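Take a look at the structure below.
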Amino acid sequence: MALRKRSTSGKITKAEKRLEAMKGIDAAQGKTINYGGEQYPLSEFEMRYSIDDCRALINEYNQILELADAKSLQIKEAEEKLGDFYTRVLAGAKSIFGVDSDEVSALGGTKKSERKK
């Protein structure tokens with residue numbers, strides 16, 4: 001079972017469009033506009049930094065999902081191997097001790113005489 005992977009964020013796409021518009025306005029004005037005032041600077045620089053930070057987090061998230069997918073496949077293979085192993089143990093016990101033995105019952109099997117007809 002593969003975990004989902006995220007593509008680029010819709011917010012990043014919107015922010016990049018807004019950043020391009022900010023660059024255009026800055027170029028037309030001939031200076032960098034601060035859209036947040038002195039206390040809370042919201043300029044082209046801060047927008048680019050926020051976009052890059054968000055993109056880096058999404059890339060890290062996707063890498064973690066890839067590792068989780070690989071580990072999930074390893075777990076599935078190990079479980080299949082384990083299931084095959086305990087099935088073979090029960091079959092071996094039936095061939096050694098007989099299908100109606102207490103040993104088969106102790107290993108989790110059902111004695112032939114106890115099966116519903």
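Here, A, B, ... name the chains of the structure tokens in the order displayed, residue numbers run from 1 inside each chain, and ligands are numbered from 1 in the same displayed order.
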Give me, as an MDAnalysis selection string, the residues of chain A that a backbone DSSP run labels alpha helix (DSSP H).
chainID A and resid 10:29 44:97 102:106
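You can rank A:Ala27, A:Leu65, A:Val99, A:Ile12 by their closest distance to Arg48 in chain A using only C-alpha atoms, and at the top of that list sits A:Ile12.
For the choices A:Lys76, A:Asp69, A:Gln29, A:Ala15, the atom-to-atom distance to Glu46 in chain A is smallest for A:Ala15 when using only C-alpha atoms.
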Shell of 9 Å around Met47 in chain A, only C-alpha atoms, local chain residues under 5 positions omitted, as a list in words:
Ala15, Glu16, Arg18, Leu19, Leu42 and Asp52 of chain A
Please provide the set of residues having any atom within 10 Å of Ser105 in chain A, restricted to only C-alpha atoms, with same-chain residues fewer than 5 positions apart removed, written as a PDB file with C-alpha atoms, in the first residue's frame.
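Below is the file around-v5.pdb, written as the result:
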```pdb
ATOM      1  CA  LEU A  90       1.559 -26.374  10.704  1.00  0.00           C
ATOM      2  CA  ALA A  93       3.400 -30.822  12.245  1.00  0.00           C
ATOM      3  CA  LYS A  94       0.504 -32.537  10.473  1.00  0.00           C
ATOM      4  CA  VAL A  99      -3.789 -34.527  11.388  1.00  0.00           C
ATOM      5  CA  ASP A 100      -5.606 -35.492  14.577  1.00  0.00           C
ATOM      6  CA  THR A 110      -7.744 -27.740  14.103  1.00  0.00           C
ATOM      7  CA  LYS A 111      -7.784 -31.482  14.639  1.00  0.00           C
ATOM      8  CA  LYS A 112      -9.481 -33.373  11.842  1.00  0.00           C
ATOM      9  CA  GLU A 114     -12.968 -31.512  15.612  1.00  0.00           C
TER      10      GLU A 114
END
```
What does the distance between CA of Glu44 in chain A and CA of Asn62 in chain A come to in Å, to one decimal place?
27.0 Å
Tell me, in Å to one decimal, how far CA of Ser50 in chain A is from CA of Lys17 in chain A.
13.6 Å
To one decimal place in Å, what is the distance between CA of Gly109 in chain A and CA of Ala78 in chain A?
22.1 Å
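Residues surrounding Ser43 in chain A within 9 Å are Met22, Thr32, Ile33, Asn34, Tyr35, Gly36 and Arg48 of chain A [only C-alpha atoms; sequence separation below 5 positions excluded].
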Could those residues be written to a file, using C-alpha atoms, as a compact mmCIF listing (two decimals), in the first residue's frame?
```
# COMPACT_ATOMS: atom_id res chain seq x y z
CA MET A 22 4.99 42.42 -6.59
CA THR A 32 10.93 47.82 -3.15
CA ILE A 33 7.47 48.26 -1.68
CA ASN A 34 6.85 47.09 1.90
CA TYR A 35 3.23 45.96 2.01
CA GLY A 36 3.21 45.37 5.75
CA ARG A 48 10.43 34.73 -1.69
```
